[in-house]
>>> print(open('my_file.cif').read())   # mmCIF, C-alpha atoms and all ligand atoms
data_structure
loop_
_atom_site.label_atom_id
_atom_site.label_comp_id
_atom_site.auth_asym_id
_atom_site.auth_seq_id
_atom_site.Cartn_x
_atom_site.Cartn_y
_atom_site.Cartn_z
CA MET A 1232 31.73 27.70 -1.27
CA ASP A 1233 31.41 31.03 -3.06
CA GLU A 1234 29.21 31.67 -6.09
CA GLU A 1235 32.07 31.47 -8.60
CA ASN A 1236 33.27 28.05 -7.38
CA LEU A 1237 29.75 26.76 -7.29
CA ASN A 1238 29.32 27.73 -10.94
CA SER A 1239 32.51 25.99 -12.04
CA LEU A 1240 31.56 22.85 -10.07
CA ARG A 1241 28.33 22.66 -12.01
CA CYS A 1242 30.26 22.66 -15.29
CA VAL A 1243 32.86 20.12 -14.19
CA ASN A 1244 30.70 17.49 -12.54
CA PRO A 1245 28.67 15.71 -15.26
CA LYS A 1246 26.20 14.46 -12.65
CA LEU A 1247 25.29 18.06 -11.96
CA LYS A 1248 24.87 19.08 -15.55
CA GLU A 1249 21.10 18.74 -15.18
CA LEU A 1250 21.15 21.78 -12.92
CA ARG A 1251 19.53 24.73 -14.60
CA PHE A 1252 19.17 28.34 -13.69
CA ASN A 1253 16.14 30.56 -13.83
CA ASP A 1254 15.50 34.14 -12.85
CA GLU A 1255 14.98 33.19 -9.21
CA GLY A 1256 18.16 31.11 -8.87
CA ILE A 1257 18.99 27.42 -9.09
CA ILE A 1258 16.55 24.74 -10.16
CA THR A 1259 17.72 21.34 -9.01
CA HIS A 1260 17.17 18.14 -10.94
CA SER A 1261 14.42 17.09 -8.53
CA SER A 1262 12.63 20.43 -8.70
CA GLU A 1263 12.87 20.20 -12.48
CA GLU A 1264 11.13 16.81 -12.31
CA GLN A 1265 8.55 18.20 -9.91
CA ASN A 1266 7.80 21.03 -12.37
CA GLU A 1267 7.33 18.52 -15.17
CA VAL A 1268 4.93 16.42 -13.10
CA GLU A 1269 2.92 19.47 -12.08
CA GLU A 1270 2.73 20.50 -15.71
CA SER A 1271 1.44 17.12 -16.87
CA VAL A 1272 -0.97 16.75 -13.95
CA GLY A 1273 -2.18 20.29 -14.60
CA LYS A 1274 -2.94 19.36 -18.19
CA TYR A 1275 -5.07 16.44 -17.01
CA PHE A 1276 -7.04 18.66 -14.63
CA THR A 1277 -7.51 21.28 -17.35
CA TYR A 1278 -8.50 18.69 -19.95
CA PHE A 1279 -10.99 17.19 -17.52
CA ARG A 1280 -12.55 20.57 -16.72
CA ASN A 1281 -12.77 21.60 -20.40
CA ARG A 1282 -14.37 18.30 -21.32
CA CYS A 1283 -16.89 18.73 -18.51
CA HIS A 1284 -17.85 22.15 -19.77
CA ALA A 1285 -18.11 20.90 -23.33
CA GLU A 1286 -20.26 17.91 -22.47
CA GLY A 1287 -22.51 19.57 -19.92
CA GLU A 1288 -23.85 18.71 -16.49
CA LEU A 1289 -24.08 14.98 -16.92
CA PHE A 1290 -20.36 14.57 -17.43
CA GLU A 1291 -19.21 16.95 -14.74
CA LEU A 1292 -18.41 14.15 -12.37
CA PRO A 1293 -15.09 12.28 -12.43
CA LYS A 1294 -15.97 8.70 -13.16
CA LEU A 1295 -14.24 5.48 -12.24
CA ASN A 1296 -14.13 3.36 -15.38
CA ARG A 1297 -15.06 0.13 -13.61
CA LYS A 1298 -15.63 -1.87 -16.77
CA ILE A 1299 -12.25 -1.36 -18.35
CA HIS A 1300 -10.39 -1.92 -15.07
CA THR A 1301 -12.35 -5.11 -14.41
CA THR A 1302 -11.53 -6.44 -17.89
CA PHE A 1303 -7.84 -5.64 -17.35
CA LEU A 1304 -7.84 -7.38 -13.96
CA LYS A 1305 -9.80 -10.48 -14.96
CA ARG A 1306 -7.56 -11.03 -17.98
CA GLY A 1307 -4.50 -10.82 -15.70
CA LEU A 1308 -5.80 -13.60 -13.50
CA ILE A 1309 -5.71 -15.95 -16.48
CA HIS A 1310 -2.94 -14.64 -18.69
CA LEU A 1311 0.04 -12.37 -18.13
CA SER A 1312 2.08 -10.74 -20.85
CA LYS A 1313 5.85 -11.25 -21.18
CA SER A 1314 6.48 -7.99 -19.36
CA TYR A 1315 5.50 -9.77 -16.13
CA GLU A 1316 8.34 -12.31 -16.45
CA CYS A 1317 10.41 -10.21 -14.01
CA LEU A 1318 7.74 -10.87 -11.37
CA ASP A 1319 8.19 -14.64 -11.54
CA ALA A 1320 9.24 -14.55 -7.86
CA SER A 1321 6.17 -12.48 -6.93
CA ARG A 1322 3.34 -14.63 -8.20
CA PRO A 1323 1.29 -14.62 -4.96
CA TRP A 1324 1.58 -10.83 -5.09
CA LEU A 1325 0.02 -10.81 -8.55
CA CYS A 1326 -2.86 -12.95 -7.25
CA TYR A 1327 -3.33 -10.61 -4.28
CA TRP A 1328 -3.11 -7.34 -6.24
CA ILE A 1329 -5.65 -8.57 -8.79
CA LEU A 1330 -8.04 -10.21 -6.31
CA HIS A 1331 -8.01 -7.23 -3.97
CA ALA A 1332 -8.62 -4.77 -6.81
CA LEU A 1333 -11.52 -6.94 -7.97
CA GLU A 1334 -13.04 -7.22 -4.49
CA LEU A 1335 -12.81 -3.43 -4.07
CA LEU A 1336 -14.77 -3.14 -7.33
CA ASP A 1337 -17.21 -5.73 -5.94
CA GLU A 1338 -16.48 -8.04 -8.87
CA HIS A 1339 -17.12 -11.74 -8.48
CA VAL A 1340 -14.50 -14.36 -9.38
CA SER A 1341 -16.06 -17.59 -10.63
CA ASP A 1342 -15.95 -20.65 -8.32
CA ASP A 1343 -13.79 -22.47 -10.83
CA LEU A 1344 -11.24 -19.67 -11.12
CA SER A 1345 -11.25 -19.16 -7.35
CA SER A 1346 -10.43 -22.85 -6.89
CA GLN A 1347 -7.65 -22.69 -9.48
CA VAL A 1348 -6.05 -19.69 -7.73
CA ALA A 1349 -6.29 -21.43 -4.33
CA GLN A 1350 -4.63 -24.55 -5.77
CA PHE A 1351 -1.90 -22.47 -7.40
CA LEU A 1352 -1.16 -20.73 -4.10
CA GLY A 1353 -1.03 -24.18 -2.49
CA LYS A 1354 1.80 -25.00 -4.91
CA CYS A 1355 3.67 -21.92 -3.71
CA GLN A 1356 3.52 -23.14 -0.09
CA CYS A 1357 6.81 -24.58 1.15
CA PRO A 1358 7.19 -27.93 2.93
CA ASP A 1359 8.68 -26.16 6.00
CA GLY A 1360 6.00 -23.49 6.09
CA GLY A 1361 5.40 -20.09 4.56
CA PHE A 1362 4.89 -19.25 0.91
CA ALA A 1363 7.41 -18.64 -1.84
CA GLY A 1364 7.24 -16.33 -4.84
CA GLY A 1365 6.42 -19.31 -7.07
CA PRO A 1366 6.28 -23.12 -6.99
CA GLY A 1367 9.62 -24.65 -5.94
CA GLN A 1368 11.10 -21.35 -4.74
CA ALA A 1369 12.19 -20.50 -1.18
CA ALA A 1370 9.76 -19.30 1.49
CA HIS A 1371 9.75 -15.53 1.89
CA LEU A 1372 7.72 -13.25 4.17
CA ALA A 1373 6.49 -10.95 1.39
CA PRO A 1374 4.78 -13.63 -0.75
CA THR A 1375 3.60 -15.25 2.50
CA TYR A 1376 1.73 -12.04 3.36
CA ALA A 1377 0.38 -11.79 -0.20
CA ALA A 1378 -0.71 -15.45 -0.34
CA VAL A 1379 -2.53 -15.30 3.01
CA ASN A 1380 -4.28 -12.09 1.95
CA ALA A 1381 -5.23 -13.60 -1.43
CA LEU A 1382 -6.59 -16.77 0.19
CA CYS A 1383 -8.60 -14.73 2.69
CA ILE A 1384 -10.07 -12.67 -0.16
CA LEU A 1385 -11.12 -15.90 -1.90
CA GLY A 1386 -12.68 -16.77 1.46
CA THR A 1387 -13.69 -20.33 0.63
CA GLU A 1388 -13.11 -23.36 2.86
CA GLU A 1389 -10.79 -24.69 0.14
CA ALA A 1390 -8.76 -21.46 0.19
CA TYR A 1391 -8.53 -21.28 4.00
CA ASN A 1392 -7.50 -24.93 4.17
CA VAL A 1393 -4.52 -24.31 1.88
CA ILE A 1394 -2.76 -22.56 4.78
CA HIS A 1395 -0.78 -24.94 6.93
CA ARG A 1396 -0.96 -22.91 10.16
CA GLU A 1397 1.44 -24.98 12.27
CA ARG A 1398 4.15 -24.77 9.61
CA LEU A 1399 3.42 -21.12 9.01
CA TYR A 1400 3.99 -20.48 12.71
CA SER A 1401 7.26 -22.40 12.59
CA PHE A 1402 8.39 -20.40 9.52
CA LEU A 1403 7.58 -17.09 11.23
CA LYS A 1404 9.53 -18.12 14.29
CA ARG A 1405 12.53 -19.06 12.15
CA MET A 1406 12.47 -15.60 10.54
CA LYS A 1407 12.54 -13.84 13.92
CA SER A 1408 15.82 -12.41 15.24
CA ALA A 1409 16.76 -12.03 18.89
CA ASP A 1410 16.13 -8.26 18.79
CA GLY A 1411 12.48 -8.73 17.79
CA ALA A 1412 12.97 -7.92 14.07
CA PHE A 1413 12.11 -10.30 11.22
CA LYS A 1414 14.26 -11.24 8.25
CA MET A 1415 12.45 -11.57 4.94
CA HIS A 1416 13.77 -15.07 4.23
CA GLU A 1417 16.45 -17.54 5.33
CA GLY A 1418 19.75 -15.61 5.13
CA GLY A 1419 17.86 -12.56 3.88
CA GLU A 1420 17.58 -8.90 4.80
CA VAL A 1421 15.96 -7.65 7.99
CA ASP A 1422 13.52 -4.79 7.60
CA ILE A 1423 10.23 -3.46 8.83
CA ARG A 1424 8.27 -5.15 6.02
CA GLY A 1425 9.16 -8.45 7.70
CA ALA A 1426 7.49 -7.44 10.97
CA TYR A 1427 4.32 -6.32 9.16
CA CYS A 1428 4.11 -9.33 6.83
CA ALA A 1429 4.58 -11.69 9.79
CA ALA A 1430 2.07 -9.84 11.99
CA SER A 1431 -0.58 -9.62 9.28
CA ALA A 1432 -0.36 -13.28 8.23
CA ALA A 1433 -0.27 -14.43 11.87
CA ARG A 1434 -3.20 -12.27 12.94
CA LEU A 1435 -5.43 -13.26 10.02
CA THR A 1436 -4.79 -16.96 10.59
CA ASN A 1437 -4.99 -16.70 14.39
CA ILE A 1438 -1.50 -17.92 15.24
CA VAL A 1439 -0.33 -14.88 17.24
CA THR A 1440 1.43 -15.74 20.49
CA ASP A 1441 3.22 -13.45 22.97
CA GLU A 1442 6.46 -15.23 22.15
CA LEU A 1443 6.19 -14.63 18.40
CA PHE A 1444 6.24 -10.84 18.72
CA ASP A 1445 8.25 -10.44 21.89
CA GLY A 1446 10.47 -7.34 21.40
CA THR A 1447 9.00 -6.57 17.95
CA PRO A 1448 7.04 -3.39 18.88
CA GLU A 1449 10.20 -1.90 20.42
CA TRP A 1450 12.26 -2.79 17.33
CA ILE A 1451 9.64 -1.26 15.02
CA THR A 1452 9.54 1.90 17.12
CA SER A 1453 13.32 2.23 16.75
CA CYS A 1454 12.72 2.64 12.98
CA GLN A 1455 10.82 5.93 13.45
CA THR A 1456 12.99 8.79 12.23
CA TYR A 1457 13.42 12.43 13.23
CA GLU A 1458 11.00 13.33 10.41
CA GLY A 1459 8.18 11.31 11.97
CA GLY A 1460 7.82 8.52 9.38
CA PHE A 1461 9.45 5.11 9.59
CA GLY A 1462 12.49 3.86 7.73
CA GLY A 1463 13.07 0.25 6.65
CA CYS A 1464 15.57 -0.24 9.50
CA PRO A 1465 16.81 1.98 12.34
CA GLY A 1466 18.65 4.96 10.81
CA MET A 1467 17.12 4.70 7.33
CA GLU A 1468 15.15 7.44 5.56
CA ALA A 1469 11.44 7.71 6.37
CA HIS A 1470 9.26 6.30 3.60
CA GLY A 1471 5.51 5.83 3.24
CA GLY A 1472 5.78 2.11 2.44
CA TYR A 1473 7.81 1.45 5.56
CA SER A 1474 5.72 3.82 7.68
CA PHE A 1475 2.58 1.92 6.80
CA CYS A 1476 4.28 -1.38 7.66
CA GLY A 1477 5.48 -0.01 11.00
CA LEU A 1478 2.17 1.50 12.04
CA ALA A 1479 0.01 -1.40 10.84
CA ALA A 1480 2.27 -3.94 12.59
CA LEU A 1481 2.20 -1.92 15.83
CA THR A 1482 -1.60 -1.73 15.53
CA ILE A 1483 -1.89 -5.50 15.14
CA MET A 1484 0.31 -5.92 18.22
CA GLY A 1485 -1.78 -3.38 20.18
CA HIS A 1486 1.21 -1.07 20.66
CA ALA A 1487 0.63 1.84 18.26
CA LYS A 1488 1.11 4.27 21.15
CA LEU A 1489 4.74 3.18 21.54
CA CYS A 1490 5.69 5.34 18.56
CA ASN A 1491 5.27 9.11 18.32
CA LEU A 1492 1.88 9.31 16.58
CA GLU A 1493 1.77 13.10 16.46
CA ASN A 1494 5.07 13.22 14.55
CA LEU A 1495 3.93 10.40 12.28
CA LEU A 1496 0.65 12.21 11.58
CA ARG A 1497 2.43 15.49 10.80
CA TRP A 1498 4.94 13.78 8.50
CA THR A 1499 2.25 11.74 6.69
CA ALA A 1500 -0.12 14.69 6.24
CA ASN A 1501 2.75 16.72 4.77
CA ARG A 1502 3.39 14.05 2.14
CA GLN A 1503 0.12 15.00 0.39
CA MET A 1504 1.12 17.14 -2.59
CA ARG A 1505 -0.46 20.58 -2.54
CA PHE A 1506 -0.92 20.75 -6.34
CA GLU A 1507 -1.39 17.12 -7.41
CA GLY A 1508 -3.53 16.00 -4.43
CA GLY A 1509 -1.89 12.56 -4.37
CA PHE A 1510 0.90 11.54 -2.02
CA GLN A 1511 4.66 11.33 -2.36
CA GLY A 1512 6.51 8.43 -0.67
CA ARG A 1513 9.17 10.57 0.95
CA THR A 1514 10.22 14.18 1.36
CA ASN A 1515 11.12 15.98 -1.88
CA LYS A 1516 10.06 13.09 -4.14
CA LEU A 1517 7.31 12.84 -6.72
CA VAL A 1518 3.63 12.01 -6.39
CA ASP A 1519 2.78 8.36 -7.08
CA GLY A 1520 -0.69 6.76 -7.09
CA CYS A 1521 0.44 3.77 -4.99
CA TYR A 1522 1.14 6.04 -2.01
CA SER A 1523 -2.58 6.84 -1.96
CA PHE A 1524 -2.73 3.69 0.12
CA TRP A 1525 0.71 3.43 1.75
CA GLN A 1526 0.38 6.99 3.09
CA GLY A 1527 -3.43 7.36 3.00
CA GLY A 1528 -3.93 4.08 4.87
CA ALA A 1529 -2.08 5.46 7.88
CA PHE A 1530 -4.79 8.03 8.67
CA PRO A 1531 -7.53 5.64 9.78
CA LEU A 1532 -4.97 3.76 11.89
CA ILE A 1533 -3.73 6.96 13.55
CA HIS A 1534 -7.31 8.14 13.96
CA MET A 1535 -8.30 4.92 15.67
CA VAL A 1536 -5.66 5.33 18.36
CA LEU A 1537 -5.72 9.10 18.83
CA SER A 1538 -9.52 9.30 18.95
CA GLN A 1539 -9.50 7.06 22.02
CA GLU A 1540 -7.61 9.85 23.78
CA HIS A 1541 -8.76 13.11 22.21
CA ASP A 1542 -12.35 12.49 21.28
CA SER A 1543 -13.38 16.07 20.63
CA CYS A 1544 -10.56 17.20 18.31
CA LEU A 1545 -10.81 14.10 16.15
CA SER A 1546 -14.46 14.12 15.30
CA ALA A 1547 -15.59 13.04 11.85
CA ASP A 1548 -15.59 16.60 10.50
CA ARG A 1549 -11.92 17.20 11.40
CA TRP A 1550 -10.20 15.78 8.36
CA MET A 1551 -6.62 14.61 8.66
CA PHE A 1552 -5.98 14.84 4.93
CA ASP A 1553 -7.67 16.27 1.86
CA TYR A 1554 -9.76 13.25 0.90
CA LYS A 1555 -11.34 15.09 -2.05
CA ALA A 1556 -7.98 16.07 -3.57
CA LEU A 1557 -6.76 12.48 -3.26
CA GLN A 1558 -9.87 11.11 -4.97
CA GLU A 1559 -9.50 13.72 -7.69
CA TYR A 1560 -5.87 12.79 -8.35
CA ILE A 1561 -6.72 9.08 -8.60
CA LEU A 1562 -9.82 9.53 -10.76
CA VAL A 1563 -8.51 12.22 -13.10
CA CYS A 1564 -4.79 11.42 -13.37
CA CYS A 1565 -4.37 7.70 -12.55
CA GLN A 1566 -6.85 5.88 -14.79
CA TYR A 1567 -5.17 4.30 -17.78
CA PRO A 1568 -7.47 4.45 -20.81
CA GLY A 1569 -6.65 0.82 -21.70
CA GLY A 1570 -7.54 -0.41 -18.20
CA GLY A 1571 -5.82 -0.42 -14.83
CA LEU A 1572 -4.46 2.47 -12.77
CA ILE A 1573 -1.09 4.14 -12.75
CA ASP A 1574 1.63 5.91 -10.78
CA LYS A 1575 1.28 9.25 -12.59
CA PRO A 1576 0.33 10.55 -16.06
CA GLY A 1577 2.55 9.10 -18.78
CA LYS A 1578 3.16 5.76 -17.01
CA PRO A 1579 1.69 2.44 -18.10
CA SER A 1580 -0.78 0.57 -15.89
CA ASP A 1581 0.17 -2.47 -13.83
CA PHE A 1582 -1.50 -4.63 -11.21
CA TYR A 1583 0.46 -3.17 -8.27
CA HIS A 1584 -0.64 0.39 -9.02
CA THR A 1585 -4.17 -0.73 -9.83
CA CYS A 1586 -4.40 -2.42 -6.42
CA TYR A 1587 -2.94 0.44 -4.40
CA CYS A 1588 -4.64 3.30 -6.28
CA LEU A 1589 -8.00 1.62 -5.71
CA SER A 1590 -7.10 0.83 -2.08
CA GLY A 1591 -6.25 4.51 -1.55
CA LEU A 1592 -9.48 5.55 -3.26
CA SER A 1593 -11.40 3.27 -0.90
CA VAL A 1594 -9.64 4.80 2.13
CA ALA A 1595 -10.40 8.34 0.89
CA GLN A 1596 -14.08 7.46 0.33
CA HIS A 1597 -14.69 5.55 3.55
CA PHE A 1598 -12.14 6.93 6.00
CA GLY A 1599 -11.73 10.56 4.92
CA GLY A 1600 -13.11 11.56 8.31
CA GLY A 1601 -11.09 8.91 10.07
CA ASN A 1602 -13.81 6.38 10.68
CA ILE A 1603 -16.04 4.32 8.49
CA ALA A 1604 -19.31 5.98 9.45
CA HIS A 1605 -18.83 8.85 6.97
CA LEU A 1606 -18.85 8.06 3.28
CA HIS A 1607 -17.54 10.72 0.87
CA VAL A 1608 -17.57 9.58 -2.73
CA LEU A 1609 -16.19 12.20 -5.10
CA GLY A 1610 -17.78 12.28 -8.53
CA HIS A 1611 -20.27 9.78 -9.84
CA PRO A 1612 -22.03 7.81 -7.06
CA ASP A 1613 -21.11 4.63 -8.92
CA ASN A 1614 -17.45 5.34 -8.02
CA GLU A 1615 -18.03 3.90 -4.56
CA LEU A 1616 -15.71 1.03 -3.72
CA LYS A 1617 -16.01 -1.53 -0.96
CA PRO A 1618 -14.24 -0.47 2.25
CA THR A 1619 -10.77 -1.87 2.66
CA HIS A 1620 -9.49 -2.86 6.10
CA PRO A 1621 -6.66 -0.38 6.72
CA VAL A 1622 -4.56 -2.88 8.69
CA PHE A 1623 -4.48 -5.84 6.26
CA ASN A 1624 -5.62 -4.12 3.06
CA ILE A 1625 -8.21 -6.70 2.18
CA CYS A 1626 -11.92 -5.78 2.32
CA ILE A 1627 -13.47 -5.61 5.78
CA ASP A 1628 -15.97 -8.40 5.09
CA ALA A 1629 -13.09 -10.72 4.10
CA VAL A 1630 -11.33 -9.96 7.41
CA VAL A 1631 -14.50 -10.65 9.40
CA HIS A 1632 -15.07 -13.92 7.54
CA ALA A 1633 -11.46 -15.06 8.01
CA ASN A 1634 -11.56 -14.18 11.71
CA PHE A 1635 -14.76 -16.16 12.08
CA TYR A 1636 -13.12 -19.19 10.47
CA PHE A 1637 -9.61 -19.11 11.97
CA ASN A 1638 -10.49 -17.88 15.47
CA LYS A 1639 -12.34 -21.15 16.06
CA LEU A 1640 -9.11 -23.09 15.43
CA PRO A 1641 -6.64 -23.73 18.24
CA LEU A 1642 -3.30 -21.92 18.45
CA PRO A 1643 -0.54 -24.05 16.94
CA THR A 1644 1.36 -26.26 19.34
CA ASP A 1645 5.07 -25.47 19.22
CA VAL A 1646 6.72 -27.24 16.28
C1 LIG A 1701 4.06 -5.21 2.75
C2 LIG A 1701 5.15 -4.67 1.91
C3 LIG A 1701 6.08 -5.63 1.30
C4 LIG A 1701 5.26 -3.34 1.77
C5 LIG A 1701 6.17 -2.62 0.89
C6 LIG A 1701 6.12 -1.20 1.23
C7 LIG A 1701 6.82 -0.31 0.23
C8 LIG A 1701 6.02 0.19 -0.92
C9 LIG A 1701 8.06 0.06 0.43
C10 LIG A 1701 8.76 0.98 -0.49
C11 LIG A 1701 10.24 0.89 -0.35
C12 LIG A 1701 11.02 2.00 -1.04
C13 LIG A 1701 12.19 2.53 -0.32
C14 LIG A 1701 10.67 2.47 -2.21
C15 LIG A 1701 11.40 3.59 -2.90
O1 LIG A 1701 11.20 3.45 -4.22
P1 LIG A 1701 11.52 4.62 -5.23
O2 LIG A 1701 12.79 5.30 -4.87
O3 LIG A 1701 11.45 4.02 -6.61
O4 LIG A 1701 10.27 5.54 -5.06
P2 LIG A 1701 10.10 7.02 -4.44
O5 LIG A 1701 10.88 7.94 -5.29
O6 LIG A 1701 8.62 7.27 -4.58
O7 LIG A 1701 10.56 6.97 -3.01
ZN ZN A 1702 4.20 3.51 -7.20
#
>>> encode(input="my_file.cif", output="structure tokens", more="lines below")
Ligand SMILES: CC(C)=CCC/C(C)=C/CC/C(C)=C/COP(=O)(O)OP(=O)(O)O
Ligand SMILES: [Zn+2]
Amino acid sequence: MDEENLNSLRCVNPKLKELRFNDEGIITHSSEEQNEVEESVGKYFTYFRNRCHAEGELFELPKLNRKIHTTFLKRGLIHLSKSYECLDASRPWLCYWILHALELLDEHVSDDLSSQVAQFLGKCQCPDGGFAGGPGQAAHLAPTYAAVNALCILGTEEAYNVIHRERLYSFLKRMKSADGAFKMHEGGEVDIRGAYCAASAARLTNIVTDELFDGTPEWITSCQTYEGGFGGCPGMEAHGGYSFCGLAALTIMGHAKLCNLENLLRWTANRQMRFEGGFQGRTNKLVDGCYSFWQGGAFPLIHMVLSQEHDSCLSADRWMFDYKALQEYILVCCQYPGGGLIDKPGKPSDFYHTCYCLSGLSVAQHFGGGNIAHLHVLGHPDNELKPTHPVFNICIDAVVHANFYFNKLPLPTDV
């Protein structure tokens, strides 16, 4: 199409009316948005630096406002505002997001509240196994993953005993298709989240059998795209959320090498934004604090597998991503003054972003060099979070404790 036609098309098609010109040529709608984000993020960095200079040495360190985030989180465990009504089918998720954020901050939940949460999650468990988004709803793999994670974070005998392992196993088997993929719920969509949610819940509760994941690693691998990341299903666009699910599920199944890890590493590393320091979820999209974990969490997993093969080029001082820039984005741009963390400047806080921004911050602090031996806390030393387990995204001590408890129990007999 020649220049003249292109110009008239822009005028005719209302969807393209956002297109603007500048001296260098066309600015697309998405590059316009990218410019706006860079401008607002830039203001935050500038504001932070000016404030540091004004207030002197003591304030030169970006600080995690633990107190205000803790207050926000603890209130959410007891009371949710009306704006959370739309998450009525995601109630175990809310428990998980809040509990995980609190454990990262090393905040204690009282025995009484812990017991109330465990009992509530028990009400979300379905008679035929698995957990639903709320009491009386249908079992679904996503809230099942969230409920198992939340109960493992609580880590009490009462919480562990909520999980009916035999029925959980039966539910997971019912969700499995012949090609190795998992559907999210009875009659529901098949996508890579299903494989991860099933693998994570099964591994934590020690109900993994060869039969349960027969063909699953191959199906997951078929979701890797030409870009290097994973799509939700074969043929879909690569996305950080799906890539994490694919890689973490393959890791649980001991088959991470089935996919092309070099391509995945290149694609993931290139999703870190050169100006903002945070990650985008997919090519040509905007930075978002939650991808600090969905993308950032892939590095320790990739490191774990590749370092077994190429020891020398993956030593602790060969960073796979800019862990300082990620910490800076989260600390400077993603803390909401009223408590909680956010997607990007200008957005309100919510429990999802609080959970995944803090999870990403934990990864950047503890796994910047790939393995846990090297801690790099940007800013105030008090910013240090507990290390999250990059496979399950609950803290490592909670995984160890759950393994200790469930690995003593026998595998379920076929039901
Ligand atoms: C365990 C589990 C259930 C994991 C979920 C993983 C996850 C976050 C998947 C994201 C899916 C997706 C295509 C989002 C795009 O949203 P968007 O278009 O609003 O955002 P974008 O512009 O940043 O891509
Ligand atoms: Zn987000």
>>> residues_around(input="my_file.cif", residues="stretch 1322-1336 of chain A", least_positions_apart="3", cutoff="7 Å", atoms="all atoms listed in the file", output="number ranges by chain")
A: 1301, 1304, 1308, 1318-1319, 1352, 1364-1365, 1374, 1377-1378, 1380-1381, 1384, 1582-1583, 1585-1586, 1589, 1616-1617, 1625-1626
>>> residues_near_ligand(input="my_file.cif", ligand="ligand ZN 1702 (chain A)", cutoff="10 Å", atoms="all atoms listed in the file", output="NGL selection string")
:A and (1472 or 1511-1512 or 1517-1523 or 1525 or 1573-1575 or 1581 or 1583-1585 or 1587-1588)
>>> closest_residue(input="my_file.cif", among="A:Thr1440, A:Ser1401, A:Ser1345, A:Ser1321", to="ligand LIG 1701 (chain A)", atoms="all atoms listed in the file")
A:Ser1321
>>> residues_near_ligand(input="my_file.cif", ligand="ligand LIG 1701 (chain A)", cutoff="6 Å", atoms="only C-alpha atoms and all ligand atoms", output="list in words")
Ala1373, Arg1424, Cys1428, Gly1472, Tyr1473, Gly1512, Arg1513 and Lys1516 of chain A
>>> closest_residue(input="my_file.cif", among="A:Phe1552, A:Ala1480, A:Gln1356, A:Gly1570", to="A:Arg1306", atoms="all atoms listed in the file")
A:Gly1570
>>> residues_around(input="my_file.cif", residues="A:Gly1569", least_positions_apart="3", cutoff="9 Å", atoms="only C-alpha atoms", output="list in words")
Ile1299, His1300, Phe1303, Gln1566 and Ser1580 of chain A
>>> atom_distance(input="my_file.cif", atom1="atom CA of A:Leu1295", atom2="atom CA of A:Ser1590")
13.3 Å
>>> closest_residue(input="my_file.cif", among="A:Ala1595, A:Ala1349, A:Met1535, A:Ala1529", to="A:Ala1479", atoms="all atoms listed in the file")
A:Ala1529
